[in-house]
>>> print(open('query33.cif').read())   # mmCIF, C-alpha atoms
data_final
loop_
_atom_site.label_atom_id
_atom_site.label_comp_id
_atom_site.auth_asym_id
_atom_site.auth_seq_id
_atom_site.Cartn_x
_atom_site.Cartn_y
_atom_site.Cartn_z
CA MET A 1 0.00 0.00 0.00
CA ASP A 2 1.29 3.44 -0.93
CA ILE A 3 0.76 5.75 2.06
CA LYS A 4 1.08 9.50 1.59
CA TYR A 5 2.63 11.31 4.57
CA ASN A 6 1.37 14.83 5.24
CA LEU A 7 2.84 15.34 8.70
CA LYS A 8 2.82 18.32 11.00
CA PRO A 9 5.97 20.47 10.81
CA ALA A 10 8.62 19.16 13.20
CA SER A 11 8.20 22.29 15.32
CA GLU A 12 4.52 21.46 15.95
CA ARG A 13 4.69 17.76 16.78
CA ARG A 14 6.14 15.80 19.66
CA THR A 15 9.92 15.50 19.51
CA GLU A 16 10.56 13.97 22.96
CA PRO A 17 9.11 10.88 24.67
CA PHE A 18 5.83 11.51 26.47
CA VAL A 19 6.47 11.45 30.23
CA PRO A 20 3.15 12.26 31.95
CA GLN A 21 3.24 14.34 35.12
CA GLY A 22 0.04 12.75 36.45
CA GLU A 23 -2.50 10.07 35.63
CA VAL A 24 -3.15 9.94 31.90
CA GLY A 25 -6.64 8.46 32.07
CA PHE A 26 -8.13 6.18 29.43
CA GLY A 27 -9.11 7.36 25.96
CA LYS A 28 -8.84 11.10 26.64
CA LEU A 29 -5.69 12.08 24.73
CA ARG A 30 -4.83 11.96 21.01
CA THR A 31 -1.53 11.78 19.17
CA ASP A 32 -0.40 14.25 16.50
CA HIS A 33 -1.70 12.33 13.48
CA MET A 34 -4.37 10.04 12.10
CA PHE A 35 -4.60 7.61 9.19
CA MET A 36 -7.34 8.00 6.57
CA MET A 37 -8.42 6.14 3.46
CA ASP A 38 -11.50 6.56 1.26
CA TYR A 39 -13.80 4.15 -0.53
CA LYS A 40 -15.26 5.32 -3.82
CA ASP A 41 -15.66 3.98 -7.35
CA GLY A 42 -15.70 0.48 -5.87
CA GLN A 43 -12.29 0.50 -4.18
CA TRP A 44 -10.35 1.70 -1.16
CA GLN A 45 -7.90 4.46 -2.15
CA ASN A 46 -5.91 7.55 -1.13
CA ALA A 47 -4.20 6.12 1.96
CA ARG A 48 -2.66 8.96 3.95
CA ILE A 49 -1.37 10.02 7.35
CA LEU A 50 -2.20 13.61 8.22
CA PRO A 51 -2.50 15.85 11.30
CA TYR A 52 -5.24 14.89 13.75
CA GLY A 53 -8.14 17.24 13.20
CA PRO A 54 -11.76 17.73 12.12
CA PHE A 55 -13.38 15.89 9.23
CA GLU A 56 -15.04 17.72 6.37
CA MET A 57 -18.32 15.92 5.79
CA MET A 58 -21.60 16.80 4.11
CA PRO A 59 -24.71 17.15 6.31
CA GLY A 60 -26.34 14.42 4.24
CA ALA A 61 -23.58 11.89 4.98
CA MET A 62 -25.39 8.60 5.41
CA ALA A 63 -23.55 7.65 8.61
CA LEU A 64 -25.26 10.59 10.32
CA HIS A 65 -28.73 9.49 9.29
CA TYR A 66 -28.70 5.71 9.00
CA GLY A 67 -25.90 4.64 11.31
CA GLN A 68 -23.57 2.92 8.86
CA SER A 69 -20.60 3.19 11.20
CA ILE A 70 -18.40 0.54 12.81
CA PHE A 71 -15.28 0.58 14.95
CA GLU A 72 -12.64 -1.50 16.69
CA GLY A 73 -10.53 -1.17 19.82
CA ALA A 74 -7.03 -2.58 20.30
CA LYS A 75 -3.88 -1.84 22.29
CA ALA A 76 -0.15 -1.52 21.72
CA PHE A 77 2.44 -1.80 24.50
CA MET A 78 6.03 -0.78 25.07
CA HIS A 79 8.32 -3.65 26.11
CA ASP A 80 11.54 -3.47 28.08
CA ASP A 81 13.55 -3.10 24.86
CA GLY A 82 11.91 0.30 24.27
CA GLU A 83 10.03 -0.93 21.20
CA ILE A 84 6.25 -0.89 20.71
CA TYR A 85 4.32 -4.11 20.10
CA THR A 86 0.70 -4.73 19.13
CA PHE A 87 -1.31 -7.52 20.73
CA ARG A 88 -3.53 -9.77 18.59
CA LEU A 89 -4.17 -6.93 16.14
CA ASP A 90 -4.96 -9.41 13.38
CA LYS A 91 -8.02 -10.51 15.37
CA ASN A 92 -9.25 -6.91 15.46
CA ALA A 93 -8.81 -6.65 11.70
CA GLN A 94 -10.84 -9.83 11.22
CA ARG A 95 -13.57 -8.58 13.54
CA LEU A 96 -13.78 -5.20 11.80
CA ASN A 97 -14.48 -7.05 8.56
CA ARG A 98 -17.14 -9.19 10.25
CA SER A 99 -18.81 -6.01 11.49
CA ALA A 100 -18.54 -4.51 8.01
CA ASP A 101 -20.31 -7.49 6.46
CA ILE A 102 -23.18 -7.22 8.94
CA VAL A 103 -23.96 -3.60 8.00
CA CYS A 104 -23.04 -3.79 4.30
CA ILE A 105 -19.78 -1.83 4.47
CA PRO A 106 -16.97 -2.82 2.07
CA THR A 107 -14.32 -4.86 3.87
CA ILE A 108 -10.64 -3.90 4.03
CA PRO A 109 -7.99 -6.60 3.58
CA GLU A 110 -6.47 -7.50 6.95
CA GLU A 111 -2.93 -6.76 5.76
CA VAL A 112 -4.00 -3.25 4.68
CA GLN A 113 -5.53 -2.56 8.10
CA LEU A 114 -2.39 -3.79 9.86
CA GLU A 115 -0.07 -1.74 7.67
CA ALA A 116 -2.14 1.39 8.24
CA ILE A 117 -2.11 1.00 12.02
CA ASN A 118 1.57 0.12 12.22
CA ALA A 119 2.53 3.09 10.02
CA LEU A 120 0.56 5.47 12.23
CA ILE A 121 2.03 4.08 15.45
CA ASP A 122 5.50 4.42 14.00
CA VAL A 123 4.91 8.10 13.13
CA ASP A 124 3.58 8.88 16.62
CA ARG A 125 5.62 6.42 18.67
CA LEU A 126 6.98 9.24 20.89
CA TRP A 127 3.43 9.63 22.23
CA PHE A 128 3.60 6.33 24.08
CA PRO A 129 3.17 7.28 27.78
CA ARG A 130 6.21 6.42 29.87
CA GLN A 131 4.08 5.32 32.82
CA ALA A 132 3.39 1.99 34.53
CA GLY A 133 0.44 0.15 32.98
CA ALA A 134 0.22 2.50 29.99
CA CYS A 135 -0.68 1.66 26.41
CA LEU A 136 -1.50 3.20 23.07
CA TYR A 137 -5.19 2.58 22.56
CA ILE A 138 -5.94 2.02 18.86
CA ARG A 139 -9.30 3.05 17.42
CA PRO A 140 -9.94 2.10 13.75
CA PHE A 141 -13.39 2.98 12.40
CA ILE A 142 -15.36 3.20 9.16
CA PHE A 143 -18.33 5.44 8.39
CA ALA A 144 -20.51 6.16 5.38
CA THR A 145 -19.85 9.54 3.73
CA GLU A 146 -22.10 9.47 0.68
CA ASP A 147 -24.45 12.49 0.64
CA ARG A 148 -27.79 10.75 0.11
CA LEU A 149 -31.04 10.56 2.06
CA SER A 150 -32.46 7.26 0.84
CA VAL A 151 -32.04 4.12 2.92
CA SER A 152 -29.60 1.69 1.31
CA PRO A 153 -25.89 0.85 1.62
CA ALA A 154 -23.73 3.88 0.82
CA SER A 155 -21.29 3.93 -2.08
CA GLN A 156 -18.66 6.08 -0.31
CA TYR A 157 -16.91 5.55 3.04
CA THR A 158 -13.97 6.75 5.11
CA PHE A 159 -11.65 4.47 7.09
CA CYS A 160 -9.81 6.28 9.87
CA VAL A 161 -7.43 5.27 12.67
CA VAL A 162 -6.70 7.43 15.70
CA LEU A 163 -4.47 6.70 18.69
CA SER A 164 -5.06 7.52 22.34
CA PRO A 165 -2.13 7.50 24.81
CA SER A 166 -3.78 5.90 27.84
CA GLY A 167 -2.88 5.01 31.39
CA ALA A 168 -3.76 1.94 33.41
CA TYR A 169 -7.51 1.28 33.36
CA TYR A 170 -7.65 0.36 37.05
CA GLY A 171 -4.98 2.61 38.51
CA LYS A 172 -3.24 0.66 41.25
CA ASP A 173 -5.49 -2.36 41.68
CA LEU A 174 -8.47 -4.32 40.42
CA SER A 175 -11.80 -3.51 42.02
CA ALA A 176 -15.08 -5.42 42.02
CA ILE A 177 -18.21 -3.89 40.49
CA ARG A 178 -21.96 -4.49 40.82
CA LEU A 179 -24.15 -5.37 37.83
CA LEU A 180 -27.85 -4.76 37.33
CA ILE A 181 -29.70 -7.83 36.06
CA THR A 182 -32.42 -6.35 33.90
CA THR A 183 -35.41 -7.89 32.17
CA LYS A 184 -36.44 -4.50 30.77
CA TYR A 185 -33.48 -3.66 28.53
CA HIS A 186 -31.97 -5.92 25.87
CA ARG A 187 -28.78 -5.44 23.94
CA ALA A 188 -29.60 -7.49 20.84
CA VAL A 189 -31.93 -10.01 19.25
CA SER A 190 -31.12 -12.86 16.90
CA GLY A 191 -30.77 -11.75 13.31
CA GLY A 192 -29.68 -8.24 14.29
CA THR A 193 -26.31 -6.50 14.75
CA GLY A 194 -25.39 -7.86 18.19
CA ALA A 195 -22.30 -9.73 16.94
CA SER A 196 -20.77 -6.55 15.48
CA LYS A 197 -19.17 -3.37 16.75
CA VAL A 198 -21.74 -1.14 15.09
CA ALA A 199 -21.80 2.33 16.64
CA GLY A 200 -25.56 2.19 17.13
CA ASN A 201 -25.26 -0.79 19.46
CA TYR A 202 -23.40 1.41 21.92
CA ALA A 203 -25.83 4.32 21.61
CA ALA A 204 -28.61 1.85 22.40
CA SER A 205 -26.78 0.75 25.56
CA LEU A 206 -26.66 4.21 27.13
CA ARG A 207 -30.19 4.14 28.51
CA ALA A 208 -29.58 0.78 30.17
CA GLY A 209 -26.31 2.07 31.63
CA LYS A 210 -28.13 5.06 33.05
CA ALA A 211 -30.69 2.73 34.65
CA ALA A 212 -27.89 0.66 36.17
CA ALA A 213 -26.44 3.75 37.84
CA GLU A 214 -29.79 4.37 39.53
CA TYR A 215 -29.36 0.99 41.24
CA GLY A 216 -25.78 1.73 42.28
CA ALA A 217 -24.48 -0.64 39.61
CA ALA A 218 -21.59 0.01 37.22
CA GLN A 219 -23.23 -1.71 34.26
CA VAL A 220 -25.97 -4.04 33.08
CA LEU A 221 -25.90 -7.80 32.75
CA TYR A 222 -27.89 -8.34 29.58
CA LEU A 223 -30.11 -11.37 29.12
CA ASP A 224 -31.39 -12.82 25.87
CA ALA A 225 -34.75 -11.66 24.52
CA SER A 226 -36.55 -14.40 26.48
CA ASN A 227 -34.95 -13.19 29.75
CA GLN A 228 -33.74 -16.73 30.45
CA TYR A 229 -30.06 -16.80 29.42
CA ILE A 230 -27.06 -14.65 30.25
CA GLU A 231 -25.47 -12.80 27.34
CA GLU A 232 -23.13 -9.83 27.90
CA VAL A 233 -21.91 -7.34 30.51
CA GLY A 234 -22.30 -3.87 29.04
CA ALA A 235 -19.63 -3.91 26.31
CA MET A 236 -17.85 -7.01 27.64
CA ASN A 237 -18.28 -10.79 27.53
CA HIS A 238 -19.51 -12.28 30.80
CA PHE A 239 -17.73 -15.18 32.51
CA HIS A 240 -17.82 -17.05 35.80
CA ILE A 241 -15.51 -19.44 37.63
CA ARG A 242 -16.80 -22.51 39.42
CA LYS A 243 -15.50 -23.96 42.66
CA ASP A 244 -13.78 -26.79 40.78
CA GLY A 245 -11.73 -24.27 38.75
CA THR A 246 -13.80 -24.38 35.56
CA LEU A 247 -14.10 -21.03 33.77
CA VAL A 248 -17.33 -20.66 31.80
CA ILE A 249 -18.01 -18.13 29.03
CA PRO A 250 -21.48 -17.97 27.44
CA GLU A 251 -21.56 -19.61 24.03
CA PHE A 252 -21.05 -17.11 21.20
CA THR A 253 -24.22 -16.47 19.20
CA ASP A 254 -25.28 -13.80 16.72
CA THR A 255 -26.39 -11.67 19.68
CA ILE A 256 -23.00 -11.69 21.42
CA LEU A 257 -19.89 -9.84 20.28
CA ARG A 258 -16.86 -12.11 20.27
CA SER A 259 -14.45 -10.48 22.72
CA ILE A 260 -10.87 -10.98 21.60
CA THR A 261 -9.97 -11.23 25.28
CA SER A 262 -12.48 -14.07 25.67
CA GLU A 263 -11.15 -15.81 22.58
CA SER A 264 -7.63 -15.48 23.99
CA ILE A 265 -8.66 -16.95 27.35
CA LEU A 266 -10.31 -19.86 25.53
CA ALA A 267 -7.12 -20.39 23.51
CA LEU A 268 -4.88 -20.26 26.57
CA GLY A 269 -7.02 -22.73 28.47
CA GLU A 270 -4.98 -24.89 30.80
CA GLU A 271 -1.97 -22.56 30.50
CA LEU A 272 -3.94 -20.34 32.87
CA GLY A 273 -4.55 -23.25 35.20
CA PHE A 274 -8.25 -23.58 34.37
CA LYS A 275 -10.59 -25.81 32.50
CA VAL A 276 -12.23 -23.33 30.10
CA ARG A 277 -15.47 -24.02 28.27
CA GLN A 278 -18.42 -22.30 26.63
CA GLU A 279 -22.05 -23.13 27.25
CA THR A 280 -25.45 -21.47 27.38
CA VAL A 281 -25.91 -20.13 30.91
CA LYS A 282 -29.43 -20.08 32.32
CA LEU A 283 -29.94 -17.19 34.73
CA THR A 284 -31.83 -19.20 37.34
CA ASP A 285 -29.09 -21.86 37.42
CA PHE A 286 -26.40 -19.18 37.60
CA ILE A 287 -27.98 -17.45 40.60
CA ALA A 288 -28.66 -20.77 42.36
CA ASP A 289 -25.02 -21.83 41.90
CA ILE A 290 -23.75 -18.52 43.32
CA GLU A 291 -25.99 -18.92 46.38
CA ALA A 292 -24.87 -22.53 46.80
CA GLY A 293 -21.19 -21.54 46.64
CA GLU A 294 -20.62 -23.46 43.40
CA ILE A 295 -19.75 -20.25 41.50
CA VAL A 296 -17.02 -18.41 43.37
CA GLU A 297 -15.93 -15.62 40.99
CA ALA A 298 -17.41 -13.77 38.03
CA GLY A 299 -16.72 -10.84 35.75
CA GLY A 300 -16.37 -9.49 32.24
CA PHE A 301 -13.67 -9.76 29.57
CA GLY A 302 -12.91 -6.82 27.26
CA THR A 303 -10.10 -4.90 25.60
CA ALA A 304 -10.15 -1.76 27.75
CA ALA A 305 -10.19 -3.34 31.20
CA VAL A 306 -9.02 -6.88 30.24
CA VAL A 307 -10.91 -8.24 33.27
CA SER A 308 -13.67 -6.52 35.26
CA PRO A 309 -14.41 -8.51 38.43
CA VAL A 310 -18.04 -8.62 39.58
CA GLY A 311 -18.66 -8.66 43.32
CA SER A 312 -22.46 -8.65 43.26
CA TYR A 313 -25.60 -8.54 41.13
CA ILE A 314 -28.72 -6.53 41.84
CA PHE A 315 -32.17 -7.27 40.44
CA GLU A 316 -34.73 -4.64 39.49
CA ASP A 317 -36.71 -5.50 42.65
CA GLY A 318 -33.68 -4.60 44.78
CA ARG A 319 -32.57 -8.15 45.59
CA ILE A 320 -28.76 -8.46 45.79
CA VAL A 321 -26.75 -11.62 45.18
CA THR A 322 -23.09 -11.54 46.24
CA VAL A 323 -20.41 -13.63 44.54
CA GLY A 324 -18.16 -15.25 47.13
CA ASP A 325 -17.07 -12.56 49.59
CA GLY A 326 -17.88 -9.78 47.13
CA LEU A 327 -14.21 -8.96 46.58
CA VAL A 328 -11.77 -9.64 43.75
CA GLY A 329 -10.89 -13.32 43.77
CA GLU A 330 -7.44 -14.82 43.41
CA ARG A 331 -8.29 -16.65 40.19
CA ILE A 332 -9.30 -13.39 38.50
CA ARG A 333 -6.12 -11.73 39.77
CA HIS A 334 -4.14 -14.58 38.25
CA ILE A 335 -5.87 -14.25 34.85
CA TYR A 336 -5.25 -10.50 34.82
CA LYS A 337 -1.59 -10.92 35.77
CA VAL A 338 -0.83 -13.59 33.15
CA TYR A 339 -2.69 -11.80 30.36
CA THR A 340 -1.21 -8.36 30.99
CA GLU A 341 2.29 -9.80 31.36
CA MET A 342 1.91 -11.36 27.90
CA GLN A 343 0.82 -8.00 26.52
CA LYS A 344 3.83 -6.25 28.06
CA GLY A 345 6.34 -8.88 26.95
CA LEU A 346 7.06 -10.03 30.50
CA ARG A 347 5.77 -13.54 29.80
CA PRO A 348 5.90 -15.55 26.55
CA ALA A 349 2.72 -15.37 24.48
CA PRO A 350 1.57 -17.85 21.83
CA ALA A 351 3.21 -17.44 18.44
CA GLY A 352 1.92 -14.48 16.46
CA TRP A 353 0.05 -12.78 19.29
CA VAL A 354 2.67 -10.07 19.87
CA ARG A 355 4.09 -8.20 16.87
CA LYS A 356 6.71 -5.47 16.83
CA VAL A 357 5.90 -2.12 15.22
CA GLU A 358 8.83 -1.71 12.86
CA ARG A 359 10.65 1.59 12.53
CA ARG A 360 10.29 2.97 9.02
CA GLY A 361 13.15 5.44 9.12
#
>>> encode(input="query33.cif", output="structure tokens")
Amino acid sequence: MDIKYNLKPASERRTEPFVPQGEVGFGKLRTDHMFMMDYKDGQWQNARILPYGPFEMMPGAMALHYGQSIFEGAKAFMHDDGEIYTFRLDKNAQRLNRSADIVCIPTIPEEVQLEAINALIDVDRLWFPRQAGACLYIRPFIFATEDRLSVSPASQYTFCVVLSPSGAYYGKDLSAIRLLITTKYHRAVSGGTGASKVAGNYAASLRAGKAAAEYGAAQVLYLDASNQYIEEVGAMNHFHIRKDGTLVIPEFTDTILRSITSESILALGEELGFKVRQETVKLTDFIADIEAGEIVEAGGFGTAAVVSPVGSYIFEDGRIVTVGDGLVGERIRHIYKVYTEMQKGLRPAPAGWVRKVERRG
């Protein structure tokens, strides 16, 4: 791919490593540049890296009216050798294309996505925060730009990648959250867009998140449309750990987004010291097993937090069910430690999971 570089003048962009004076936060900052590429006349074209800034877009752009917009979220880490490495970025590229198919957006070859992201990271590598637990959060996204007000797939799109220098999601330590078990709000139904990272899925979750806050909960535990089976935790995959050491993740369906963290945990399996399996999880059985002490830990898997431990669940009638002692369990701490050490290059990861961002001169 031929990438055009239209960079900021050296006097206007970062020339020294980024050493934060305080907590960076997650997703708040941007680097100096972004990658863009356009789809028109039936092909992706005009790959370029340019200064981070506003888009010029017509008011009739179809993404604004009909929601043809998808995104991904990945991370890059600095290892002890001072180089930056991505983690399972190929899986994000595959998932972006799955999302594209679901909402009729033209796919982008995986190798093109990877080259775009690596080129941008290389240009802005000085923005990596020199701070414990930090990362470069990677946000690729595609949106429809055709100026048309009839409902059908657009013929023009923009692919963009931006980077966010981010600090540790949890600060100093993991903390357990409470989830609202709701029968009122649903994230997805079969045959819809639940298995994709379509922007509208996240807009639709805001009302449920607001309701959760009214119950003192951090997020919602979504059930399927029949209110019988567990599906997702907000924007994460749910999981629980049984007393015998079995880790259970709900079976992936077309209403559940495949978390790359979940897929990684399933691939690691016994390397983590667990028996890992997927199955449909009936809510009544799940609650009964917590109360009987058969389920001892639970949480969510996702890119941003890696693992979000759940200490308790609250129902809409106010009933609270506590998992174990309500605190972060040792098994979850172990998963978090192993996984994040692989990301940071402190522990060997399976072949191909960690890839160096090459310097392009």
>>> atom_distance(input="query33.cif", atom1="CA of Ala168 in chain A", atom2="CA of Ala132 in chain A")
7.2 Å
>>> closest_residue(input="query33.cif", among="A:Tyr169, A:Phe71, A:Tyr222, A:Tyr5", to="Ala116 in chain A", atoms="all atoms listed in the file")
A:Tyr5
>>> resolve_selection(input="query33.cif", expression="the PyMOL selection byres ((chain A and resi 264) around 12)", output="PyMOL selection string")
chain A and resi 87-88+91+249+258-263+265-272+276+301-303+306+335+338-340+342-343+349-350+353
>>> resolve_selection(input="query33.cif", expression="the PyMOL selection byres ((chain A and resi 13) around 12)", output="list in words")
Leu7, Lys8, Pro9, Ala10, Ser11, Glu12, Arg14, Thr15, Glu16, Pro17, Phe18, Arg30, Thr31, Asp32, His33, Leu50, Pro51, Tyr52, Val123, Asp124, Arg125, Leu126 and Trp127 of chain A
>>> axis_aligned_box(input="query33.cif", around="range 84-103 of chain A", padding_each_side="5 Å", output="JSON")
{"center_x": -8.9, "center_y": -5.7, "center_z": 13.6, "size_x": 40.2, "size_y": 19.6, "size_z": 24.3}
>>> build_atoms(input="query33.cif", residues="range 265-282 of chain A", atoms="N, CA, C and O atoms", output="mmCIF file, in the frame of the given file")
data_model
loop_
_atom_site.group_PDB
_atom_site.id
_atom_site.type_symbol
_atom_site.label_atom_id
_atom_site.label_comp_id
_atom_site.auth_asym_id
_atom_site.auth_seq_id
_atom_site.Cartn_x
_atom_site.Cartn_y
_atom_site.Cartn_z
ATOM 1 N N ILE A 265 -8.562 -16.110 26.142
ATOM 2 C CA ILE A 265 -8.660 -16.950 27.350
ATOM 3 C C ILE A 265 -9.029 -18.382 26.961
ATOM 4 O O ILE A 265 -8.477 -19.354 27.494
ATOM 5 N N LEU A 266 -9.943 -18.524 25.996
ATOM 6 C CA LEU A 266 -10.310 -19.860 25.530
ATOM 7 C C LEU A 266 -9.112 -20.563 24.891
ATOM 8 O O LEU A 266 -8.915 -21.768 25.075
ATOM 9 N N ALA A 267 -8.293 -19.806 24.153
ATOM 10 C CA ALA A 267 -7.120 -20.390 23.510
ATOM 11 C C ALA A 267 -6.050 -20.777 24.514
ATOM 12 O O ALA A 267 -5.361 -21.789 24.357
ATOM 13 N N LEU A 268 -5.910 -19.969 25.564
ATOM 14 C CA LEU A 268 -4.880 -20.260 26.570
ATOM 15 C C LEU A 268 -5.250 -21.458 27.426
ATOM 16 O O LEU A 268 -4.396 -22.260 27.789
ATOM 17 N N GLY A 269 -6.525 -21.561 27.755
ATOM 18 C CA GLY A 269 -7.020 -22.730 28.470
ATOM 19 C C GLY A 269 -6.208 -23.130 29.679
ATOM 20 O O GLY A 269 -6.036 -22.361 30.629
ATOM 21 N N GLU A 270 -5.667 -24.337 29.642
ATOM 22 C CA GLU A 270 -4.980 -24.890 30.800
ATOM 23 C C GLU A 270 -3.694 -24.162 31.140
ATOM 24 O O GLU A 270 -3.172 -24.300 32.238
ATOM 25 N N GLU A 271 -3.160 -23.363 30.184
ATOM 26 C CA GLU A 271 -1.970 -22.560 30.500
ATOM 27 C C GLU A 271 -2.258 -21.581 31.623
ATOM 28 O O GLU A 271 -1.364 -21.171 32.353
ATOM 29 N N LEU A 272 -3.539 -21.219 31.779
ATOM 30 C CA LEU A 272 -3.940 -20.340 32.870
ATOM 31 C C LEU A 272 -4.236 -21.119 34.153
ATOM 32 O O LEU A 272 -4.478 -20.524 35.197
ATOM 33 N N GLY A 273 -4.242 -22.427 34.030
ATOM 34 C CA GLY A 273 -4.550 -23.250 35.200
ATOM 35 C C GLY A 273 -6.020 -23.545 35.371
ATOM 36 O O GLY A 273 -6.452 -23.950 36.456
ATOM 37 N N PHE A 274 -6.815 -23.348 34.303
ATOM 38 C CA PHE A 274 -8.250 -23.580 34.370
ATOM 39 C C PHE A 274 -8.699 -24.557 33.296
ATOM 40 O O PHE A 274 -8.054 -24.704 32.263
ATOM 41 N N LYS A 275 -9.841 -25.170 33.569
ATOM 42 C CA LYS A 275 -10.590 -25.810 32.500
ATOM 43 C C LYS A 275 -11.533 -24.729 31.964
ATOM 44 O O LYS A 275 -12.313 -24.149 32.728
ATOM 45 N N VAL A 276 -11.432 -24.417 30.677
ATOM 46 C CA VAL A 276 -12.230 -23.330 30.100
ATOM 47 C C VAL A 276 -13.216 -23.923 29.106
ATOM 48 O O VAL A 276 -12.840 -24.740 28.259
ATOM 49 N N ARG A 277 -14.472 -23.519 29.211
ATOM 50 C CA ARG A 277 -15.470 -24.020 28.270
ATOM 51 C C ARG A 277 -16.536 -22.951 28.020
ATOM 52 O O ARG A 277 -16.658 -21.978 28.763
ATOM 53 N N GLN A 278 -17.282 -23.157 26.935
ATOM 54 C CA GLN A 278 -18.420 -22.300 26.630
ATOM 55 C C GLN A 278 -19.699 -23.117 26.700
ATOM 56 O O GLN A 278 -19.727 -24.304 26.346
ATOM 57 N N GLU A 279 -20.751 -22.483 27.178
ATOM 58 C CA GLU A 279 -22.050 -23.130 27.250
ATOM 59 C C GLU A 279 -23.125 -22.057 27.382
ATOM 60 O O GLU A 279 -22.818 -20.904 27.715
ATOM 61 N N THR A 280 -24.355 -22.401 27.084
ATOM 62 C CA THR A 280 -25.450 -21.470 27.380
ATOM 63 C C THR A 280 -25.634 -21.463 28.904
ATOM 64 O O THR A 280 -25.581 -22.513 29.550
ATOM 65 N N VAL A 281 -25.827 -20.276 29.459
ATOM 66 C CA VAL A 281 -25.910 -20.130 30.910
ATOM 67 C C VAL A 281 -27.296 -19.619 31.286
ATOM 68 O O VAL A 281 -27.640 -18.465 31.000
ATOM 69 N N LYS A 282 -28.084 -20.468 31.903
ATOM 70 C CA LYS A 282 -29.430 -20.080 32.320
ATOM 71 C C LYS A 282 -29.349 -19.241 33.583
ATOM 72 O O LYS A 282 -28.650 -19.604 34.543
#
